[in-house]
Structure formats: C-alpha cells, structure tokens
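Heads up, run.cif below (mmCIF, C-alpha atoms):
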```cif
data_entry
#
loop_
_atom_site.label_atom_id
_atom_site.label_comp_id
_atom_site.auth_asym_id
_atom_site.auth_seq_id
_atom_site.Cartn_x
_atom_site.Cartn_y
_atom_site.Cartn_z
CA MET A 1 39.68 -6.13 20.95
CA SER A 2 38.02 -5.35 24.27
CA GLU A 3 38.32 -1.60 23.64
CA LEU A 4 36.78 -1.99 20.18
CA SER A 5 33.87 -3.99 21.52
CA PHE A 6 33.37 -1.42 24.29
CA ASP A 7 33.29 1.41 21.75
CA ALA A 8 30.80 -0.52 19.63
CA THR A 9 28.49 -1.07 22.60
CA GLN A 10 28.67 2.65 23.39
CA LYS A 11 27.79 3.63 19.81
CA LEU A 12 24.69 1.39 19.62
CA PRO A 13 22.54 3.43 22.08
CA ALA A 14 23.66 6.65 20.36
CA ARG A 15 22.58 5.29 16.98
CA ARG A 16 19.24 4.24 18.39
CA HIS A 17 18.66 7.71 19.85
CA VAL A 18 19.50 9.29 16.49
CA ARG A 19 17.08 6.97 14.67
CA ALA A 20 14.35 7.68 17.20
CA LEU A 21 14.93 11.42 16.81
CA ASP A 22 14.80 11.10 13.01
CA ALA A 23 11.52 9.20 13.27
CA VAL A 24 10.02 11.87 15.53
CA VAL A 25 11.15 14.70 13.23
CA LEU A 26 9.82 12.90 10.15
CA THR A 27 6.48 12.27 11.89
CA LEU A 28 6.16 15.94 12.87
CA LEU A 29 6.98 17.04 9.32
CA MET A 30 4.36 14.68 7.89
CA LEU A 31 1.75 15.95 10.35
CA ALA A 32 2.61 19.56 9.48
CA LEU A 33 2.29 18.82 5.76
CA TRP A 34 -0.98 16.99 6.39
CA GLN A 35 -2.31 19.98 8.37
CA ALA A 36 -1.21 22.39 5.65
CA ILE A 37 -2.96 20.40 2.91
CA GLY A 38 -6.11 20.05 5.00
CA SER A 39 -6.21 23.78 5.77
CA TRP A 40 -5.43 24.79 2.19
CA THR A 41 -8.23 22.62 0.75
CA HIS A 42 -10.58 23.50 3.66
CA GLY A 43 -11.13 19.80 4.34
CA VAL A 44 -12.54 19.13 0.88
CA ALA A 45 -9.79 16.76 -0.26
CA VAL A 46 -8.19 15.72 3.05
CA SER A 47 -9.45 16.32 6.57
CA PRO A 48 -6.93 17.81 9.06
CA PRO A 49 -5.10 15.47 11.48
CA LEU A 50 -7.07 16.36 14.63
CA GLN A 51 -10.43 16.02 12.91
CA THR A 52 -9.32 12.73 11.37
CA LEU A 53 -8.14 11.29 14.69
CA VAL A 54 -11.40 12.27 16.40
CA TYR A 55 -13.41 10.65 13.62
CA LEU A 56 -11.16 7.60 13.68
CA ALA A 57 -11.68 7.16 17.43
CA HIS A 58 -15.42 7.17 16.83
CA LEU A 59 -15.07 4.82 13.85
CA LEU A 60 -13.05 2.29 15.84
CA GLY A 61 -15.95 2.04 18.29
CA THR A 62 -18.40 0.84 15.62
CA ALA A 63 -19.06 -2.77 14.67
CA MET A 64 -19.30 -1.73 11.02
CA PHE A 65 -15.62 -0.82 10.84
CA TRP A 66 -14.42 -4.08 12.42
CA ASP A 67 -16.62 -6.07 10.06
CA HIS A 68 -14.93 -4.43 7.07
CA ALA A 69 -11.50 -4.76 8.70
CA ALA A 70 -12.06 -8.49 9.33
CA ALA A 71 -13.00 -9.02 5.67
CA THR A 72 -9.81 -7.28 4.51
CA LEU A 73 -7.67 -9.16 7.05
CA GLU A 74 -9.04 -12.53 5.98
CA ALA A 75 -8.43 -11.89 2.29
CA PHE A 76 -5.00 -10.38 2.93
CA LEU A 77 -3.77 -13.25 5.10
CA LEU A 78 -4.75 -15.78 2.45
CA ALA A 79 -3.11 -13.75 -0.32
CA PHE A 80 0.07 -13.12 1.68
CA VAL A 81 0.50 -16.75 2.77
CA LEU A 82 -0.04 -18.02 -0.78
CA SER A 83 2.33 -15.40 -2.22
CA ALA A 84 5.03 -16.20 0.35
CA LEU A 85 4.85 -19.99 0.08
CA ILE A 86 4.47 -20.26 -3.69
CA GLY A 87 7.06 -17.54 -4.30
CA LEU A 88 9.53 -19.19 -1.92
CA VAL A 89 9.20 -22.61 -3.57
CA LEU A 90 9.40 -21.20 -7.11
CA GLY A 91 12.39 -19.03 -6.22
CA LEU A 92 14.26 -21.99 -4.73
CA ILE A 93 13.51 -24.20 -7.73
CA PHE A 94 14.47 -21.55 -10.29
CA GLY A 95 17.59 -20.74 -8.29
CA ILE A 96 18.78 -24.36 -8.24
CA ARG A 97 17.92 -25.05 -11.87
CA ARG A 98 19.89 -22.42 -13.74
CA PHE A 99 18.28 -22.90 -17.15
CA ALA A 100 14.74 -22.73 -15.74
CA GLY A 101 15.68 -19.62 -13.78
CA GLU A 102 17.18 -17.87 -16.81
CA VAL A 103 13.99 -18.55 -18.77
CA ALA A 104 11.58 -17.64 -15.96
CA GLU A 105 13.29 -14.49 -14.66
CA PRO A 106 12.62 -12.18 -17.68
CA ILE A 107 9.05 -13.48 -17.91
CA LEU A 108 8.43 -12.72 -14.23
CA ALA A 109 10.14 -9.33 -14.50
CA GLY A 110 7.98 -8.48 -17.52
CA PHE A 111 4.81 -9.54 -15.71
CA TYR A 112 5.85 -7.46 -12.70
CA THR A 113 5.97 -4.29 -14.83
CA ILE A 114 2.42 -4.76 -16.13
CA PRO A 115 -0.19 -2.63 -14.28
CA LYS A 116 -2.25 -5.32 -12.56
CA VAL A 117 -5.41 -3.21 -12.78
CA THR A 118 -5.55 -3.95 -16.50
CA LEU A 119 -5.80 -7.67 -15.70
CA TYR A 120 -8.66 -7.31 -13.24
CA PRO A 121 -11.38 -8.14 -15.84
CA VAL A 122 -9.58 -11.45 -16.44
CA VAL A 123 -9.48 -12.10 -12.69
CA LEU A 124 -13.21 -11.41 -12.42
CA LEU A 125 -13.91 -13.72 -15.35
CA LEU A 126 -11.91 -16.57 -13.79
CA PHE A 127 -12.78 -16.14 -10.10
CA GLY A 128 -15.98 -14.11 -10.10
CA LEU A 129 -16.92 -11.62 -7.41
CA GLY A 130 -16.11 -12.12 -3.76
CA MET A 131 -13.24 -13.41 -1.67
CA SER A 132 -11.51 -15.50 -4.35
CA ALA A 133 -11.07 -12.52 -6.71
CA LYS A 134 -9.56 -10.37 -3.95
CA VAL A 135 -7.17 -13.13 -2.92
CA ALA A 136 -6.15 -13.81 -6.53
CA PHE A 137 -5.49 -10.12 -7.13
CA GLY A 138 -3.40 -9.94 -3.96
CA VAL A 139 -1.37 -13.00 -5.00
CA MET A 140 -0.75 -11.45 -8.43
CA HIS A 141 0.87 -8.48 -6.70
CA GLY A 142 2.88 -10.30 -4.03
CA LEU A 143 4.03 -13.50 -5.77
CA VAL A 144 6.52 -12.10 -8.29
CA PRO A 145 8.75 -10.06 -5.92
CA MET A 146 8.95 -12.97 -3.48
CA THR A 147 10.02 -15.30 -6.30
CA LEU A 148 12.61 -12.88 -7.68
CA PHE A 149 14.13 -12.12 -4.27
CA THR A 150 14.49 -15.82 -3.47
CA LEU A 151 15.85 -16.63 -6.93
CA GLY A 152 18.49 -13.91 -6.64
CA ALA A 153 19.46 -15.04 -3.14
CA VAL A 154 20.02 -18.64 -4.28
CA ARG A 155 22.09 -17.49 -7.26
CA ASN A 156 24.40 -15.46 -5.01
CA LEU A 157 25.11 -18.37 -2.67
CA PRO A 158 28.62 -19.87 -2.63
CA PRO A 159 28.62 -22.95 -4.91
CA VAL A 160 30.25 -24.99 -2.15
CA LEU A 161 26.93 -25.14 -0.29
CA LEU A 162 25.15 -26.97 -3.10
CA ARG A 163 28.16 -29.20 -3.69
CA THR A 164 28.19 -30.16 -0.02
CA ALA A 165 24.49 -31.00 -0.19
CA ARG A 166 25.14 -33.24 -3.20
CA VAL A 167 28.05 -34.94 -1.46
CA LEU A 168 25.84 -35.62 1.55
CA ARG A 169 23.18 -36.94 -0.86
CA LEU A 170 20.47 -34.72 0.51
CA SER A 171 17.11 -34.86 -1.21
CA PRO A 172 15.85 -31.69 -2.95
CA GLY A 173 13.41 -31.09 -0.09
CA ARG A 174 16.09 -31.40 2.58
CA THR A 175 18.48 -29.27 0.54
CA MET A 176 15.92 -26.48 0.44
CA ARG A 177 15.02 -26.86 4.10
CA TRP A 178 18.44 -27.28 5.70
CA VAL A 179 20.78 -25.49 3.28
CA LEU A 180 19.10 -22.97 0.99
CA VAL A 181 16.48 -21.41 3.29
CA PRO A 182 18.86 -20.72 6.23
CA ALA A 183 21.53 -19.30 3.90
CA CYS A 184 19.04 -17.09 2.02
CA LEU A 185 17.04 -16.00 5.08
CA PRO A 186 17.94 -12.26 5.03
CA ASP A 187 16.90 -11.92 1.38
CA ILE A 188 13.81 -14.03 1.99
CA VAL A 189 12.74 -11.67 4.79
CA ASN A 190 13.23 -8.70 2.46
CA GLY A 191 11.11 -10.47 -0.13
CA LEU A 192 8.43 -11.08 2.50
CA ARG A 193 8.48 -7.39 3.42
CA LEU A 194 7.84 -6.34 -0.17
CA SER A 195 5.33 -9.13 -0.74
CA PHE A 196 3.44 -8.03 2.39
CA SER A 197 2.98 -4.48 1.11
CA LEU A 198 2.06 -5.49 -2.44
CA SER A 199 -0.35 -8.24 -1.35
CA LEU A 200 -2.14 -5.74 0.87
CA LEU A 201 -2.25 -3.27 -2.00
CA GLY A 202 -3.70 -5.89 -4.33
CA VAL A 203 -6.42 -6.88 -1.88
CA LEU A 204 -7.39 -3.25 -1.28
CA ILE A 205 -7.58 -2.54 -5.02
CA GLY A 206 -9.72 -5.64 -5.46
CA GLU A 207 -12.09 -4.42 -2.77
CA MET A 208 -12.29 -1.00 -4.37
CA PHE A 209 -13.34 -2.44 -7.73
CA SER A 210 -15.81 -5.19 -6.92
CA SER A 211 -16.62 -5.90 -3.32
CA GLN A 212 -19.23 -5.00 -0.76
CA ARG A 213 -16.97 -5.55 2.23
CA GLY A 214 -13.49 -4.52 3.28
CA LEU A 215 -11.47 -1.38 3.93
CA GLY A 216 -11.08 -0.79 0.20
CA PHE A 217 -14.86 -0.76 -0.22
CA LEU A 218 -15.18 1.52 2.82
CA LEU A 219 -12.66 3.92 1.27
CA VAL A 220 -14.53 4.07 -2.05
CA SER A 221 -17.82 4.42 -0.19
CA GLY A 222 -16.49 7.43 1.69
CA MET A 223 -15.30 9.00 -1.57
CA ALA A 224 -18.65 8.36 -3.28
CA GLN A 225 -20.56 9.90 -0.37
CA ASN A 226 -18.13 12.84 -0.19
CA ASN A 227 -17.35 11.80 3.38
CA VAL A 228 -13.81 13.13 3.54
CA PRO A 229 -13.19 12.29 7.24
CA LEU A 230 -14.16 8.65 6.59
CA SER A 231 -11.86 8.32 3.59
CA THR A 232 -8.98 10.00 5.40
CA ALA A 233 -9.48 7.87 8.51
CA VAL A 234 -9.43 4.64 6.48
CA VAL A 235 -6.26 5.74 4.65
CA THR A 236 -4.69 6.58 8.02
CA VAL A 237 -5.42 3.09 9.34
CA ILE A 238 -3.97 1.45 6.24
CA VAL A 239 -0.82 3.60 6.35
CA MET A 240 -0.26 2.91 10.05
CA ILE A 241 -0.60 -0.86 9.53
CA ALA A 242 1.77 -0.80 6.56
CA ILE A 243 4.40 1.27 8.39
CA ALA A 244 4.27 -0.93 11.51
CA ALA A 245 4.56 -4.17 9.53
CA ASN A 246 7.31 -2.80 7.30
CA THR A 247 9.33 -1.58 10.30
CA LEU A 248 8.98 -4.92 12.07
CA MET A 249 10.08 -6.93 9.03
CA LEU A 250 12.96 -4.54 8.37
CA ARG A 251 14.30 -5.10 11.89
CA VAL A 252 13.91 -8.85 11.55
CA GLY A 253 15.77 -8.77 8.24
CA ARG A 254 18.63 -6.77 9.78
CA ARG A 255 18.96 -9.24 12.63
CA PHE A 256 19.17 -12.18 10.26
CA ALA A 257 21.70 -10.29 8.14
CA ARG A 258 23.88 -9.66 11.20
CA ARG A 259 23.72 -13.30 12.23
CA SER A 260 24.63 -14.53 8.76
CA ALA A 261 27.47 -12.00 8.60
#
```
Mind turning this structure into structure tokens?
Amino acid sequence: MSELSFDATQKLPARRHVRALDAVVLTLLMLALWQAIGSWTHGVAVSPPLQTLVYLAHLLGTAMFWDHAAATLEAFLLAFVLSALIGLVLGLIFGIRRFAGEVAEPILAGFYTIPKVTLYPVVLLLFGLGMSAKVAFGVMHGLVPMTLFTLGAVRNLPPVLLRTARVLRLSPGRTMRWVLVPACLPDIVNGLRLSFSLSLLGVLIGEMFSSQRGLGFLLVSGMAQNNVPLSTAVVTVIVMIAIAANTLMLRVGRRFARRSA
C-alpha cells in the first residue's frame, strides 16, 4: 500500500506538468490562429493580438470601461444568484417528488432547447427596459441547467439516504440541507459552472438588445462605430473572465468529487 501511495504522489506532479504544458500549447495555437485571422482580414473583422492588448491596456485605464463593467457585473451577480438558488431548490424538490420530477423534466428540457432570443420581446413587455430585463434574461438562461443537474443528482442517490432521513424524522428543509446537498455537491458544482456561463451569456445578450450600459452595449457600440479594436478588446475580456471562472469551478468540482469518492 505504501508503494502504491508513493507512486500516486509521484504521478500527480507529472500530470500537473502535462496539463500546464497542454494549456500553454493550446494558448499559443489560439494566439497564432487569432493572428492569422487578423492578418488575413487586415484588421477589418478582428484586430491582431498585439494591437488588441495595447488597446485593452488603454481601455482599462478609462472610467468609461469600468462603468460599463460594473453595470454588467451587477446584473450578472443578481441573475447568477437567482438562477443558482431557485434552480437548486427546484431540483431538490423535483428530485424528491418523483411524479413532479417526471412531469417537470421534459418541460424544462423543451424550454432549454428554445432559442431565448425569440422570447426577448416577452421579457421586455413584462420587465421593461433596464436592469430587470437583463437579470430576467440571464435567469432564463441559467435556471434550467441548474435545475436539471440537481434533479439528476438527487435521482442517482442511493435510496438508503432518503430512507435514513425518514427514519430520523428529518424535516424536508433539514433533509435537503444535511443529506441531499452534501451528497449531490459535485453535480451541483457542475450545474453552477454551466449556470455561470449561461447567465453571463444571457445578461450580455440582454445588454446588446436594449441597454445603454454594460459590456454587451459596449460591444455593439464598437461594432456600430466600426471600432474593431474596441469590439475585440471587449470580447477578449469576456472570454478571459469566462475561462478563469470555468477553470476555478471545474477544479472545485473535481475536489468535491474526490472527497465524495
């Protein structure tokens, strides 16, 4: 056993070095492709990496950019928190109540396949212009995957856990808090990771359609003014934030999966 554990500890650094090397190679390939597209289009569609980074450094020093970024961050945090909390509660309820889950799952899956852009006129009619419409559009994107991930995690739990909770006469709230959530934590983190990306996407799309503030509005403004460096710089910021958050949540999910295993 000691030799096996020693071999495992030796393999971990090697795996980390391989992953780091893969990340570096992938980054270099993406930069090369970015440079090739920028050179081929002569900066008309996408500005080259160096020009974009120089423009981005200048943009980060302006108060205008941080004002738009703060507007997007505020709307996104509200949308993500609402998506996570409501989706978690609905997923736990539908997972415990089998009949309700069997009825709700195809409805949610069908709603998930609908392009949300087609529903934006309804969102504008109900919530009007401004923050509430952006938040609602973000929740529409992030709520369903969080609910489905949690529902599936509860369904795959060993039945003995729920039976034990009933024997101990735990209330539904305590059952969710002390039994279901800890047991489903790896899948819940994966649901949060997907909900994060889709909530951000929904907020950005909402800002692109009907808003005067936010990174989505700044992106559309750059496209309307034919300011390619501005549009490319904003896209770069969004991609970097999404990659960093996705990587962080992926690592957290793996740690919880190892602990549960």
Query raised in the report: What is the atom CA of A:Leu31-atom CA of A:Pro49 distance in Å, reported with one decimal?
Result: 7.0 Å
Query raised in the report: stretch 138-142 of chain A: which residues within 10 Å, counting all atoms listed in the file, same-chain residues fewer than 3 positions away excluded, as number ranges by chain?
Result: A: 75-84, 86-87, 111-112, 115-116, 119, 123, 132-135, 145-147, 191-206
Report task. May I ask for the distance between atom CA of A:Glu74 and atom CA of A:Ile114, given in Å to one decimal place? Result ->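 Atom CA of A:Ile114 lies 26.1 Å from atom CA of A:Glu74.
Take atom CA of A:Ala63 and atom CA of A:Glu207: the distance between them is 18.9 Å.
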Query raised in the report: Could you pull the residues within 7 Å of stretch 227-238 of chain A, counting only C-alpha atoms, minus those fewer than 6 positions along the same chain, as a list in words?
Result: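 Near neighbours after the sequence-gap exclusion: Val44, Ala45, Val46, Ser47, Thr52, Tyr55, Leu56, Leu215 and Leu219 of chain A.
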Around all listed atoms of stretch 184-187 of chain A, padded 5 Å per side, what centre and edge lengths does the axis-aligned box have in Å to one decimal, as AutoDock Vina command-line options?
```
--center_x 18.0 --center_y -14.5 --center_z 3.2 --size_x 12.1 --size_y 15.2 --size_z 13.7
```
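Nearest to A:Met131 of all the residues A:Ser211, A:Thr62, A:Ser39, A:Thr247 is A:Ser211, counting only C-alpha atoms.
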Evaluate the PyMOL selection byres ((chain A and resi 171-184) around 12) against this structure - the residues, as a PDB file with C-alpha atoms, in the frame of the given file, please.
```
ATOM      1  CA  LEU A  88       9.530 -19.190  -1.920  1.00  0.00           C
ATOM      2  CA  VAL A  89       9.200 -22.610  -3.570  1.00  0.00           C
ATOM      3  CA  LEU A  90       9.400 -21.200  -7.110  1.00  0.00           C
ATOM      4  CA  GLY A  91      12.390 -19.030  -6.220  1.00  0.00           C
ATOM      5  CA  LEU A  92      14.260 -21.990  -4.730  1.00  0.00           C
ATOM      6  CA  ILE A  93      13.510 -24.200  -7.730  1.00  0.00           C
ATOM      7  CA  PHE A  94      14.470 -21.550 -10.290  1.00  0.00           C
ATOM      8  CA  GLY A  95      17.590 -20.740  -8.290  1.00  0.00           C
ATOM      9  CA  ILE A  96      18.780 -24.360  -8.240  1.00  0.00           C
ATOM     10  CA  ARG A  97      17.920 -25.050 -11.870  1.00  0.00           C
ATOM     11  CA  PHE A 149      14.130 -12.120  -4.270  1.00  0.00           C
ATOM     12  CA  THR A 150      14.490 -15.820  -3.470  1.00  0.00           C
ATOM     13  CA  LEU A 151      15.850 -16.630  -6.930  1.00  0.00           C
ATOM     14  CA  GLY A 152      18.490 -13.910  -6.640  1.00  0.00           C
ATOM     15  CA  ALA A 153      19.460 -15.040  -3.140  1.00  0.00           C
ATOM     16  CA  VAL A 154      20.020 -18.640  -4.280  1.00  0.00           C
ATOM     17  CA  ARG A 155      22.090 -17.490  -7.260  1.00  0.00           C
ATOM     18  CA  ASN A 156      24.400 -15.460  -5.010  1.00  0.00           C
ATOM     19  CA  LEU A 157      25.110 -18.370  -2.670  1.00  0.00           C
ATOM     20  CA  PRO A 158      28.620 -19.870  -2.630  1.00  0.00           C
ATOM     21  CA  PRO A 159      28.620 -22.950  -4.910  1.00  0.00           C
ATOM     22  CA  VAL A 160      30.250 -24.990  -2.150  1.00  0.00           C
ATOM     23  CA  LEU A 161      26.930 -25.140  -0.290  1.00  0.00           C
ATOM     24  CA  LEU A 162      25.150 -26.970  -3.100  1.00  0.00           C
ATOM     25  CA  ARG A 163      28.160 -29.200  -3.690  1.00  0.00           C
ATOM     26  CA  THR A 164      28.190 -30.160  -0.020  1.00  0.00           C
ATOM     27  CA  ALA A 165      24.490 -31.000  -0.190  1.00  0.00           C
ATOM     28  CA  ARG A 166      25.140 -33.240  -3.200  1.00  0.00           C
ATOM     29  CA  VAL A 167      28.050 -34.940  -1.460  1.00  0.00           C
ATOM     30  CA  LEU A 168      25.840 -35.620   1.550  1.00  0.00           C
ATOM     31  CA  ARG A 169      23.180 -36.940  -0.860  1.00  0.00           C
ATOM     32  CA  LEU A 170      20.470 -34.720   0.510  1.00  0.00           C
ATOM     33  CA  LEU A 185      17.040 -16.000   5.080  1.00  0.00           C
ATOM     34  CA  PRO A 186      17.940 -12.260   5.030  1.00  0.00           C
ATOM     35  CA  ASP A 187      16.900 -11.920   1.380  1.00  0.00           C
ATOM     36  CA  ILE A 188      13.810 -14.030   1.990  1.00  0.00           C
ATOM     37  CA  VAL A 189      12.740 -11.670   4.790  1.00  0.00           C
ATOM     38  CA  ASN A 190      13.230  -8.700   2.460  1.00  0.00           C
ATOM     39  CA  GLY A 191      11.110 -10.470  -0.130  1.00  0.00           C
ATOM     40  CA  GLY A 253      15.770  -8.770   8.240  1.00  0.00           C
ATOM     41  CA  PHE A 256      19.170 -12.180  10.260  1.00  0.00           C
ATOM     42  CA  ALA A 257      21.700 -10.290   8.140  1.00  0.00           C
ATOM     43  CA  ARG A 259      23.720 -13.300  12.230  1.00  0.00           C
ATOM     44  CA  SER A 260      24.630 -14.530   8.760  1.00  0.00           C
ATOM     45  CA  ALA A 261      27.470 -12.000   8.600  1.00  0.00           C
TER      46      ALA A 261
END
```
